[in-house]
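Asker: The structure is given below, and queries will be raised subsequently.
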Amino acid sequence: MAQSKEEFLEQFGGDYGYPDAPRGIDELRAADFKRLEGMVYLDHAGATLYSEAQMADVAKDLMSNVYGNPHSQSDSSMATSDLVTSMRHLVLKYFNASPRDYKCIFTSGATAALKLVGECFPWSGDSCYMYTMENHNSVLGIREYALSKGATVSAVDIEEVVDPSKNQGCDSLFKISKRSNQRRGDDVLLHNYQNGSLTAISGKHLKGNNLNLFAFPSECNFSGHKFNLSLVKLIKEGKFIGTSQQQGRWMVLIDAAKGCTTEPPNLTVYPADFVVCSFYKIFGYPTGLGALIVKNEAAGLLNKTYFSGGTVAASIADIDYVQKRKSIENVLEDGTISFLSISSLRYGFKIIDMLTISAIARHTASLATYVRRKMMDLKHSNEKNVCIIYGQQASKVKDLKMGPTITFNLKREDCTWFGYREVEKLACLSGIHLRTGCFCNPGACAKYLGLSHSDLVSNFEAGHVCWDDNDIINGRPTGAVRISFGYMSTYEDAEEFLKFLQSSFVSKAVGLNNGYMVNMDTLHLVDDWSQQATSDIRLKSITIYPVKSCQGFSVQGWPLTTGGLKYDREWLLQGSGGEILTQKKVPELSSIRTLIDLELGKLFLESPKRKDKLQISVLENLTHISAEVDVYGQRYEVQTYGDKVNSWFSDAIGRPCTFMRCTSSKHRSCTINGRRDRLCRDTRSKLSFVNEGQLLLVSEESISDLNSRLSSGNVNGKQQMFVDAMRFRPNIVVSGSASYDEDNWKRLNIGKAYFTRHTRH
């Protein structure tokens with residue numbers, strides 16, 4: 001999978017790294033983002049990062065100037081007013097919006113701007129609020145205002161297709177999928193979709209002077225899909241199927257919070273009525289500041305009820321008398337605006353202007369395209385895909401169609417899912433910052449994950465809510481993992497992320513020696529009660545855990561010894577007080593990745609707390625110090641390692657420890673069915689540091705039943721716990737049996753390997 005930076009630059013060098021800017025990406029990163037040393041930040045869709053030079057300019061400005069409340073006429077107040085006016089023009093320039101046609105209204109963020117539109121839009125019982133399924137909750141929330149005024153609300157799925165009747169092949173049609181309408185009240189007009197267009201099924205005729213609103217994002221914050229902004233003119237001109245049958249005038253709202261970071265809507269070309277943004281998404285600082293870009297004509301139609309300081313020309317306290325100001329900005333901005341934050345905008349735009357927004361788009365697209373392709377190429381050792389990417393397939397991605405966002409889930413080699421919280425936790429341990437869940441975009445989440453209404457309701461009733469740990473319910477993901485690139489992202493960030501996927505989630509082919517093997521052949525089982533062979537049982541996975549409580553690794557086959565799987569649980573860590581360290585005591589153990597290469601005869605270990613990888617020979621056993629330790633009442637002869645190895649592990653888990661290997665155990669045996677005359681293994685063999693039998697097996701059906709019991713026992717709205725098979729750290733996972741049937745299996749054959757059951761006492 002590895003590709004050198006030189007090869008990457010051969011393919012993407014014209015777009016990557018700002019070759020035409022005063023400073024390239026490496027110099028920019030080294031000078032202005034020193035705090036990113038040792039970490040990989042990939043949540044720019046959530047919040048991009050401010051630069052050190054930007055913050056230095058902000059601090060210098062605030063320490064050098066006096067800015068007063070703009071609702072006055074002192075020198076400091078007038079200086080603030082002049083600065084705010086220039087910042088409004090700067091924002092309009094960013095969207096290529098003429099001040100003659102548009103106004104910039106400062107808000108506390110994109111959400112507040114959307115709320116302002118919803119509150120002030122002149123809804124009526126004849127209005128329609130239509131929005132695309134791929135929309136942020138903040139856009140969906142506008143429907144509460146529409147529904148409360150008796151308007152119809154409709155969600156639509158938009159599909160862009162090439163018009164086959166055109167010769168050029170560049171003209172597009174937009175088709176919509178059928179969705180039911182939302183109305184409130186008993187006497188409202190009901191509607192339905194017929195053949196993809198909105199038609200009334202009542203005899204009542206709609207008025208022609210009502211106002212309707214269509215909302216869509218310029219870029220989906222879930223998938224990164226960029227919507228075609230030609231929608232704006234088609235909707236406003238009544239040529240878009242789905243709106244053409246609705247009487248009245250259509251206005252258009254664009255949520256540009258995500259899209260404007262790399263491609264702000266050009267409002268001269270696509271004259272939407274309302275556009276919202278948040279500035280921290282563009283250049284990191286300030287937070288809590290956004291804008292509503294509103295067309296002058298549209299602003300005049302908004303009905304503002306509340307008035308406050310700064311919005312009125314005159315008011316009388318004890319009678320119903322108020323005269324509002326004429327300026328659109330003054331009417332719509334309540335109270336004193338965040339003028340110090342507004343003053344800092346110029347230093348963010350200074351960076352954008354230096355790099356240019358087109359270069360930022362190309363730079364981030366090059367990284368996203370590269371990573372998408374590499375992720376699609378990732379295969380397990382059985383050639384199953386590791387990554388399921390949502391949105392357009394990587395092979396079909398065009399830079400202008402997809403933003404620098406990749407949303408995905410990961411599959412094991414047996415096609416079961418890695419939970420997104422599991423991915424997130426491992427990423428945190430590896431110094432990688434990403435985001436998981438549905439990203440406040442329930443429509444896109446349900447669409448791409450294939451979740452029906454009943455699935456969503458069932459998940460909620462099972463205890464799943466936003467930001468919780470219920471990432472897999474009934475064997476299906478409830479959300480996804482998202483990475484996103486920003487203007488300061490680098491090739492090294494991308495490569496570190498790909499290495500993380502490779503080392504943490506991709507099963508590797510392992511070289512095999514001669515002798516008895518456990519492999520993925522069909523199982524042969526004998527039921528303890530019926531003494532009959534059991535068929536249709538499949539071996540789903542084999543996992544080896546070389547170091548007790550550390551991560552295991554999956555294999556297609558593995559050699560056996562008389563003591564069990566070769567090298568399984570043969571090493572452990574002992575604390576400075578002589579205690580055995582486990583995940584219960586030291587959670588950091590779960591972040592240590594292991595792999596044994598049988599051909600090289602080496603155990604490889606990686607930790608996010610150590611930059612270097614540790615290699616230990618599994619063959620050498622004569623030069624280390626021998627000792628004897630007690631592990632949960634069982635005496636073992638062990639070999640310890642030198643200071644270099646122990647120091648590596650101590651850094652990895654954040655406490656002093658000693659790494660040791662089992663060489664033999666004393667006086668340990670087990671019985672079958674309580675009979676002392678039938679040993680379950682050769683007592684002359686070396687036994688490893690396992691708690692129970694040398695081979696731990698669990699069935700998927702038993703795990704499924706356990707989760708059903710946990711779900712049915714969920715009371716008082718408590719959050720449901722979902723248990724994955726790997727929670728039990730089994731060596732073997734099987735499927736195809738009834739739940740708990742494995743408790744009655746007496747004998748087990750895998751290939752030429754023969755096992756008998758160990759009964760716990």
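Following the order of the structure tokens, first chain is A, next is B, and so on, with residues numbered from 1 inside each chain and ligands from 1 in the order they appear.
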Find the spatial neighbours of Leu595 of chain A, counting only C-alpha atoms, within a cut-off of 9 Å - ignore same-chain residues fewer than 6 positions away - and output them as a PyMOL selection string.

Answerer: chain A and resi 508+544-546+552-553+602-605

Asker: Which polymer residues have any atom within 10 Å of an atom of Asp630 of chain A, counting only C-alpha atoms, with same-chain residues fewer than 5 positions away left out, as a ChimeraX atom specification?

Answerer: /A:578-580,635-637,665

Asker: If we count only C-alpha atoms, what is near segment 31-35 of chain A at a cut-off of 12 Å, once residues fewer than 3 positions away on the same chain are taken out, given as a VMD selection string?

Answerer: chain A and resid 23 to 28 38 to 41 48 to 56 351 487 to 490

Asker: Counting only C-alpha atoms, figure out which residue out of A:Leu449, A:Leu345, A:Leu696, A:Val84 gets nearest to Gly284 of chain A.

Answerer: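 Residue with the minimum atom-to-atom distance to Gly284 of chain A: A:Leu345.
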
Asker: Return the single residue from A:Tyr145, A:Phe505, A:Phe439, A:Tyr420 that is closest to Leu378 of chain A, with distances computed using only C-alpha atoms.

Answerer: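 Counting only C-alpha atoms, the residue closest to Leu378 of chain A is A:Phe505.
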
Asker: Just the residues within 6 Å of Asn441 of chain A, please, counting only C-alpha atoms, with nothing from its chain fewer than 6 positions along; format it as an mmCIF file with N, CA, C and O atoms, in the first residue's frame.

Answerer:
```cif
data_model
loop_
_atom_site.group_PDB
_atom_site.id
_atom_site.type_symbol
_atom_site.label_atom_id
_atom_site.label_comp_id
_atom_site.auth_asym_id
_atom_site.auth_seq_id
_atom_site.Cartn_x
_atom_site.Cartn_y
_atom_site.Cartn_z
ATOM 1 N N ASN A 135 -29.211 16.826 4.687
ATOM 2 C CA ASN A 135 -29.192 18.149 5.288
ATOM 3 C C ASN A 135 -28.901 18.040 6.776
ATOM 4 O O ASN A 135 -29.263 17.058 7.434
ATOM 5 N N HIS A 136 -28.266 19.052 7.303
ATOM 6 C CA HIS A 136 -27.952 19.133 8.724
ATOM 7 C C HIS A 136 -29.228 19.324 9.540
ATOM 8 O O HIS A 136 -30.219 19.865 9.058
ATOM 9 N N ASN A 137 -29.204 18.850 10.778
ATOM 10 C CA ASN A 137 -30.356 19.039 11.665
ATOM 11 C C ASN A 137 -30.771 20.503 11.782
ATOM 12 O O ASN A 137 -31.955 20.805 11.975
#
```

Asker: What are the closest atom pairs, with distances in Å to one decimal, for each residue of segment 563-638 of chain A lying within 9 Å of segment 424-438 of chain A, using only C-alpha atoms, rows by chain and rising residue number, as a tab-separated table?

Answerer:
```
residue	atom	partner	partner_atom	distance
A:Glu588	CA	A:Leu429	CA	8.2
A:Ser590	CA	A:Leu426	CA	8.5
A:Ser591	CA	A:Leu429	CA	6.2
A:Ser607	CA	A:Ser430	CA	7.4
A:Pro608	CA	A:Ser430	CA	4.3
A:Lys609	CA	A:Ser430	CA	7.4
```

Asker: Can I get the selected residues back with N, CA and C atoms, as a PDB file, in the first residue's frame?

Answerer:
```
ATOM      1  N   GLU A 588      -4.389   1.051  28.737  1.00  0.00           N
ATOM      2  CA  GLU A 588      -3.453   1.351  27.653  1.00  0.00           C
ATOM      3  C   GLU A 588      -2.938   0.088  26.963  1.00  0.00           C
ATOM      4  N   SER A 590      -4.658  -2.133  25.667  1.00  0.00           N
ATOM      5  CA  SER A 590      -5.498  -2.403  24.501  1.00  0.00           C
ATOM      6  C   SER A 590      -5.015  -1.674  23.256  1.00  0.00           C
ATOM      7  N   SER A 591      -4.135  -0.699  23.415  1.00  0.00           N
ATOM      8  CA  SER A 591      -3.647   0.059  22.255  1.00  0.00           C
ATOM      9  C   SER A 591      -2.374  -0.533  21.659  1.00  0.00           C
ATOM     10  N   SER A 607       2.944   0.772  19.379  1.00  0.00           N
ATOM     11  CA  SER A 607       2.161   1.535  20.353  1.00  0.00           C
ATOM     12  C   SER A 607       2.074   2.986  19.904  1.00  0.00           C
ATOM     13  N   PRO A 608       0.912   3.620  20.067  1.00  0.00           N
ATOM     14  CA  PRO A 608       0.814   5.046  19.717  1.00  0.00           C
ATOM     15  C   PRO A 608       1.669   5.936  20.602  1.00  0.00           C
ATOM     16  N   LYS A 609       2.145   5.386  21.729  1.00  0.00           N
ATOM     17  CA  LYS A 609       2.987   6.182  22.622  1.00  0.00           C
ATOM     18  C   LYS A 609       4.470   6.088  22.276  1.00  0.00           C
TER      19      LYS A 609
END
```

Asker: Among segment 270-514 of chain A, which ones does DSSP place in strand (DSSP E), written as a ChimeraX atom specification?

Answerer: /A:274-278,290-295,312-316,321-324,387-389,405-411,417-418,432-433,435-437,472-473,476-477,480-484

Asker: To one decimal in Å, tell me the separation between atom CA of Asn470 of chain A and atom CA of Ser711 of chain A.

Answerer: 11.5 Å

Asker: Mind listing the helix (DSSP H, G or I) residues of segment 69-99 of chain A, per DSSP on the backbone, as a list in words?

Answerer: Asp75, Ser76, Ser77, Met78, Ala79, Thr80, Ser81, Asp82, Leu83, Val84, Thr85, Ser86, Met87, Arg88, His89, Leu90, Val91, Leu92, Lys93 and Tyr94 of chain A

Asker: Any chance you could export the current selection's N, CA, C and O atoms as a compact mmCIF listing (two decimals), in the first residue's frame?

Answerer:
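File written: again-v3.txt
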```txt
# COMPACT_ATOMS: atom_id res chain seq x y z
N ASP A 75 -15.31 58.13 19.22
CA ASP A 75 -14.29 57.77 18.23
C ASP A 75 -14.07 56.26 18.19
O ASP A 75 -13.94 55.67 17.11
N SER A 76 -14.00 55.64 19.37
CA SER A 76 -13.78 54.19 19.39
C SER A 76 -14.98 53.44 18.83
O SER A 76 -14.82 52.41 18.15
N SER A 77 -16.19 53.95 19.07
CA SER A 77 -17.39 53.32 18.53
C SER A 77 -17.45 53.47 17.02
O SER A 77 -17.80 52.52 16.29
N MET A 78 -17.10 54.64 16.52
CA MET A 78 -17.12 54.86 15.07
C MET A 78 -16.05 54.01 14.39
O MET A 78 -16.26 53.51 13.27
N ALA A 79 -14.91 53.85 15.07
CA ALA A 79 -13.86 52.98 14.50
C ALA A 79 -14.38 51.55 14.37
O ALA A 79 -14.12 50.87 13.37
N THR A 80 -15.13 51.10 15.38
CA THR A 80 -15.71 49.76 15.33
C THR A 80 -16.72 49.65 14.20
O THR A 80 -16.74 48.67 13.44
N SER A 81 -17.58 50.66 14.07
CA SER A 81 -18.61 50.64 13.02
C SER A 81 -17.97 50.58 11.63
O SER A 81 -18.43 49.83 10.76
N ASP A 82 -16.93 51.36 11.44
CA ASP A 82 -16.25 51.35 10.14
C ASP A 82 -15.62 49.98 9.86
O ASP A 82 -15.67 49.47 8.73
N LEU A 83 -15.03 49.40 10.90
CA LEU A 83 -14.40 48.09 10.75
C LEU A 83 -15.45 47.01 10.43
O LEU A 83 -15.25 46.16 9.56
N VAL A 84 -16.58 47.05 11.11
CA VAL A 84 -17.64 46.06 10.88
C VAL A 84 -18.15 46.18 9.44
O VAL A 84 -18.38 45.17 8.77
N THR A 85 -18.31 47.42 8.95
CA THR A 85 -18.77 47.62 7.57
C THR A 85 -17.78 47.02 6.57
O THR A 85 -18.18 46.37 5.60
N SER A 86 -16.50 47.22 6.82
CA SER A 86 -15.49 46.67 5.91
C SER A 86 -15.48 45.14 5.97
O SER A 86 -15.26 44.48 4.95
N MET A 87 -15.77 44.59 7.16
CA MET A 87 -15.82 43.13 7.27
C MET A 87 -17.04 42.57 6.55
O MET A 87 -16.99 41.48 5.97
N ARG A 88 -18.15 43.29 6.56
CA ARG A 88 -19.32 42.84 5.80
C ARG A 88 -18.98 42.74 4.31
O ARG A 88 -19.33 41.77 3.64
N HIS A 89 -18.29 43.74 3.82
CA HIS A 89 -17.91 43.74 2.40
C HIS A 89 -16.93 42.62 2.10
O HIS A 89 -16.97 42.02 1.02
N LEU A 90 -16.05 42.32 3.05
CA LEU A 90 -15.08 41.25 2.86
C LEU A 90 -15.79 39.90 2.76
O LEU A 90 -15.42 39.05 1.93
N VAL A 91 -16.81 39.70 3.60
CA VAL A 91 -17.58 38.45 3.55
C VAL A 91 -18.33 38.34 2.22
O VAL A 91 -18.35 37.29 1.58
N LEU A 92 -18.97 39.45 1.80
CA LEU A 92 -19.69 39.43 0.53
C LEU A 92 -18.75 39.14 -0.64
O LEU A 92 -19.10 38.41 -1.57
N LYS A 93 -17.54 39.68 -0.57
CA LYS A 93 -16.56 39.43 -1.61
C LYS A 93 -16.21 37.95 -1.69
O LYS A 93 -16.02 37.39 -2.78
N TYR A 94 -16.12 37.31 -0.53
CA TYR A 94 -15.78 35.88 -0.48
C TYR A 94 -16.81 35.05 -1.25
O TYR A 94 -16.47 34.03 -1.85
```

Asker: Can you tell me, as a list of chain:residue names, what residues are no more than 9 Å from Tyr641 of chain A when counting only C-alpha atoms, ignoring any on the same chain fewer than 2 positions away?

Answerer: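 Non-adjacent residues within range: A:His624, A:Ile625, A:Gln639, A:Asp643, A:Lys644, A:Val645, A:Asn646, A:Thr658, A:Phe659, A:Met660, A:Arg661.
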
Asker: Given the selection you just returned, output its residues as a file containing all heavy atoms, formatted as a short mmCIF file (atom, residue, chain, number, x, y, z; two decimals), in the first residue's frame.

Answerer:
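Heads up, here's the output in selection-v5.cif:
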```
data_model
loop_
_atom_site.label_atom_id
_atom_site.label_comp_id
_atom_site.auth_asym_id
_atom_site.auth_seq_id
_atom_site.Cartn_x
_atom_site.Cartn_y
_atom_site.Cartn_z
N HIS A 624 18.20 -14.85 28.04
CA HIS A 624 17.45 -14.02 28.97
C HIS A 624 17.48 -14.61 30.37
O HIS A 624 17.78 -15.78 30.59
CB HIS A 624 16.01 -13.89 28.49
CG HIS A 624 15.90 -13.35 27.10
ND1 HIS A 624 16.36 -12.11 26.74
CD2 HIS A 624 15.40 -13.91 25.96
CE1 HIS A 624 16.15 -11.91 25.45
NE2 HIS A 624 15.57 -12.99 24.96
N ILE A 625 17.14 -13.79 31.33
CA ILE A 625 17.17 -14.19 32.73
C ILE A 625 15.95 -15.05 33.03
O ILE A 625 14.82 -14.70 32.68
CB ILE A 625 17.17 -12.95 33.64
CG1 ILE A 625 18.41 -12.09 33.32
CG2 ILE A 625 17.14 -13.34 35.10
CD1 ILE A 625 18.42 -10.77 34.05
N GLN A 639 11.02 -16.24 31.31
CA GLN A 639 12.23 -15.53 30.92
C GLN A 639 11.90 -14.06 30.79
O GLN A 639 10.87 -13.70 30.22
CB GLN A 639 12.76 -16.07 29.59
CG GLN A 639 13.31 -17.48 29.68
CD GLN A 639 13.77 -18.01 28.35
OE1 GLN A 639 13.36 -17.50 27.31
NE2 GLN A 639 14.62 -19.03 28.35
N ASP A 643 16.59 -4.06 29.66
CA ASP A 643 16.07 -2.71 29.93
C ASP A 643 15.44 -2.07 28.70
O ASP A 643 14.47 -1.33 28.80
CB ASP A 643 17.19 -1.81 30.46
CG ASP A 643 17.65 -2.24 31.85
OD1 ASP A 643 16.88 -2.95 32.52
OD2 ASP A 643 18.77 -1.84 32.25
N LYS A 644 16.01 -2.34 27.51
CA LYS A 644 15.49 -1.71 26.29
C LYS A 644 14.04 -2.13 26.04
O LYS A 644 13.18 -1.29 25.76
CB LYS A 644 16.36 -2.09 25.10
CG LYS A 644 15.88 -1.49 23.78
CD LYS A 644 16.78 -1.91 22.62
CE LYS A 644 16.27 -1.35 21.30
NZ LYS A 644 17.13 -1.77 20.15
N VAL A 645 13.78 -3.42 26.18
CA VAL A 645 12.43 -3.93 25.96
C VAL A 645 11.49 -3.42 27.05
O VAL A 645 10.37 -2.95 26.78
CB VAL A 645 12.42 -5.46 25.90
CG1 VAL A 645 10.98 -6.01 25.89
CG2 VAL A 645 13.18 -5.95 24.69
N ASN A 646 11.91 -3.51 28.29
CA ASN A 646 11.06 -3.07 29.41
C ASN A 646 10.78 -1.57 29.36
O ASN A 646 9.68 -1.11 29.70
CB ASN A 646 11.70 -3.44 30.74
CG ASN A 646 11.75 -4.95 30.96
OD1 ASN A 646 10.89 -5.67 30.46
ND2 ASN A 646 12.75 -5.42 31.69
N THR A 658 7.66 -5.07 33.62
CA THR A 658 8.63 -6.06 33.14
C THR A 658 7.93 -6.98 32.15
O THR A 658 6.85 -7.50 32.44
CB THR A 658 9.20 -6.88 34.30
OG1 THR A 658 9.83 -6.00 35.24
CG2 THR A 658 10.21 -7.90 33.80
N PHE A 659 8.55 -7.17 31.01
CA PHE A 659 8.01 -8.04 29.97
C PHE A 659 8.59 -9.43 30.17
O PHE A 659 9.80 -9.60 30.34
CB PHE A 659 8.38 -7.49 28.60
CG PHE A 659 7.70 -8.16 27.44
CD1 PHE A 659 6.32 -8.24 27.37
CD2 PHE A 659 8.45 -8.72 26.41
CE1 PHE A 659 5.69 -8.84 26.30
CE2 PHE A 659 7.83 -9.32 25.32
CZ PHE A 659 6.44 -9.38 25.27
N MET A 660 7.74 -10.46 30.18
CA MET A 660 8.22 -11.81 30.42
C MET A 660 7.50 -12.82 29.54
O MET A 660 6.37 -12.61 29.11
CB MET A 660 8.08 -12.18 31.90
CG MET A 660 6.68 -12.03 32.47
SD MET A 660 6.65 -12.39 34.26
CE MET A 660 7.84 -11.21 34.89
N ARG A 661 8.20 -13.94 29.33
CA ARG A 661 7.70 -15.00 28.46
C ARG A 661 7.61 -16.30 29.23
O ARG A 661 8.52 -16.66 29.98
CB ARG A 661 8.62 -15.17 27.25
CG ARG A 661 8.20 -16.26 26.28
CD ARG A 661 9.20 -16.39 25.15
NE ARG A 661 8.73 -17.29 24.10
CZ ARG A 661 9.39 -17.55 22.99
NH1 ARG A 661 10.58 -16.97 22.79
NH2 ARG A 661 8.90 -18.37 22.08
#
```

Asker: With only C-alpha atoms as the basis for distance, which of A:Ser154, A:Ser315, A:Ser278, A:Asn303 is at the shortest distance from Gly118 of chain A?

Answerer: A:Asn303

Asker: For segment 382-390 of chain A, find every residue with an atom within 10 Å (counting only C-alpha atoms), except residues of its own chain fewer than 5 positions away, and show them as a PyMOL selection string.

Answerer: chain A and resi 222-225+372+374-377+406-415+417-418+444-445+447-449+480-482+501-502+505-509+555-556

Asker: Please, could you write that set of residues out with C-alpha atoms as a PDB file, in the first residue's frame?

Answerer:
```pdb
ATOM      1  CA  PHE A 222     -21.836  13.496   5.920  1.00  0.00           C
ATOM      2  CA  SER A 223     -20.599  12.194   2.583  1.00  0.00           C
ATOM      3  CA  GLY A 224     -18.781  15.182   1.085  1.00  0.00           C
ATOM      4  CA  HIS A 225     -21.035  15.090  -1.983  1.00  0.00           C
ATOM      5  CA  ARG A 372     -10.066   7.318  -1.085  1.00  0.00           C
ATOM      6  CA  LYS A 374      -5.897   3.728  -1.167  1.00  0.00           C
ATOM      7  CA  MET A 375      -8.792   2.859   1.133  1.00  0.00           C
ATOM      8  CA  MET A 376     -10.662   1.177  -1.715  1.00  0.00           C
ATOM      9  CA  ASP A 377      -7.561  -0.919  -2.409  1.00  0.00           C
ATOM     10  CA  ILE A 406     -14.366  10.662   3.411  1.00  0.00           C
ATOM     11  CA  THR A 407     -17.024   8.864   5.430  1.00  0.00           C
ATOM     12  CA  PHE A 408     -16.747   5.129   5.858  1.00  0.00           C
ATOM     13  CA  ASN A 409     -17.123   2.045   7.997  1.00  0.00           C
ATOM     14  CA  LEU A 410     -14.709  -0.863   8.346  1.00  0.00           C
ATOM     15  CA  LYS A 411     -15.340  -4.582   7.985  1.00  0.00           C
ATOM     16  CA  ARG A 412     -13.523  -7.570   9.385  1.00  0.00           C
ATOM     17  CA  GLU A 413     -12.482 -10.398   7.125  1.00  0.00           C
ATOM     18  CA  ASP A 414     -15.637 -12.314   8.114  1.00  0.00           C
ATOM     19  CA  CYS A 415     -17.684  -9.318   6.874  1.00  0.00           C
ATOM     20  CA  TRP A 417     -18.414  -4.591  11.204  1.00  0.00           C
ATOM     21  CA  PHE A 418     -15.905  -2.790  13.341  1.00  0.00           C
ATOM     22  CA  ALA A 444     -27.754  11.202   4.884  1.00  0.00           C
ATOM     23  CA  CYS A 445     -26.894   8.742   7.650  1.00  0.00           C
ATOM     24  CA  LYS A 447     -29.655   6.914   3.299  1.00  0.00           C
ATOM     25  CA  TYR A 448     -26.089   5.666   3.117  1.00  0.00           C
ATOM     26  CA  LEU A 449     -26.367   3.105   5.929  1.00  0.00           C
ATOM     27  CA  ALA A 480     -19.928   5.987  10.501  1.00  0.00           C
ATOM     28  CA  VAL A 481     -16.366   7.298  10.699  1.00  0.00           C
ATOM     29  CA  ARG A 482     -15.467  10.577   8.993  1.00  0.00           C
ATOM     30  CA  LEU A 501      -5.914   1.480   9.002  1.00  0.00           C
ATOM     31  CA  GLN A 502      -3.404  -1.038   7.713  1.00  0.00           C
ATOM     32  CA  PHE A 505      -7.870  -3.335  10.893  1.00  0.00           C
ATOM     33  CA  VAL A 506      -6.374  -5.310   8.003  1.00  0.00           C
ATOM     34  CA  SER A 507      -5.860  -9.038   8.550  1.00  0.00           C
ATOM     35  CA  LYS A 508      -2.526 -10.209   7.276  1.00  0.00           C
ATOM     36  CA  ALA A 509      -1.502 -13.408   5.566  1.00  0.00           C
ATOM     37  CA  VAL A 555      -5.056 -15.149  10.522  1.00  0.00           C
ATOM     38  CA  GLN A 556      -6.318 -17.585   7.917  1.00  0.00           C
TER      39      GLN A 556
END
```

Asker: Work out how far apart atom CA of Thr311 of chain A and atom CA of Lys324 of chain A are and give it in Å to one decimal.

Answerer: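 Separating atom CA of Thr311 of chain A from atom CA of Lys324 of chain A is a distance of 6.0 Å.
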
Asker: Identify, on the basis of only C-alpha atoms, every residue whose closest approach to Pro404 of chain A does not exceed 6 Å; exclude the query and any residue fewer than 2 positions from it along the same chain; express the result as a PyMOL selection string.

Answerer: chain A and resi 364-365+368+484-485

Asker: Please compute the atom CA of Ala47 of chain A-atom CA of Pro264 of chain A distance, one decimal, in Å.

Answerer: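 Computing it gives 16.5 Å between the two atoms.
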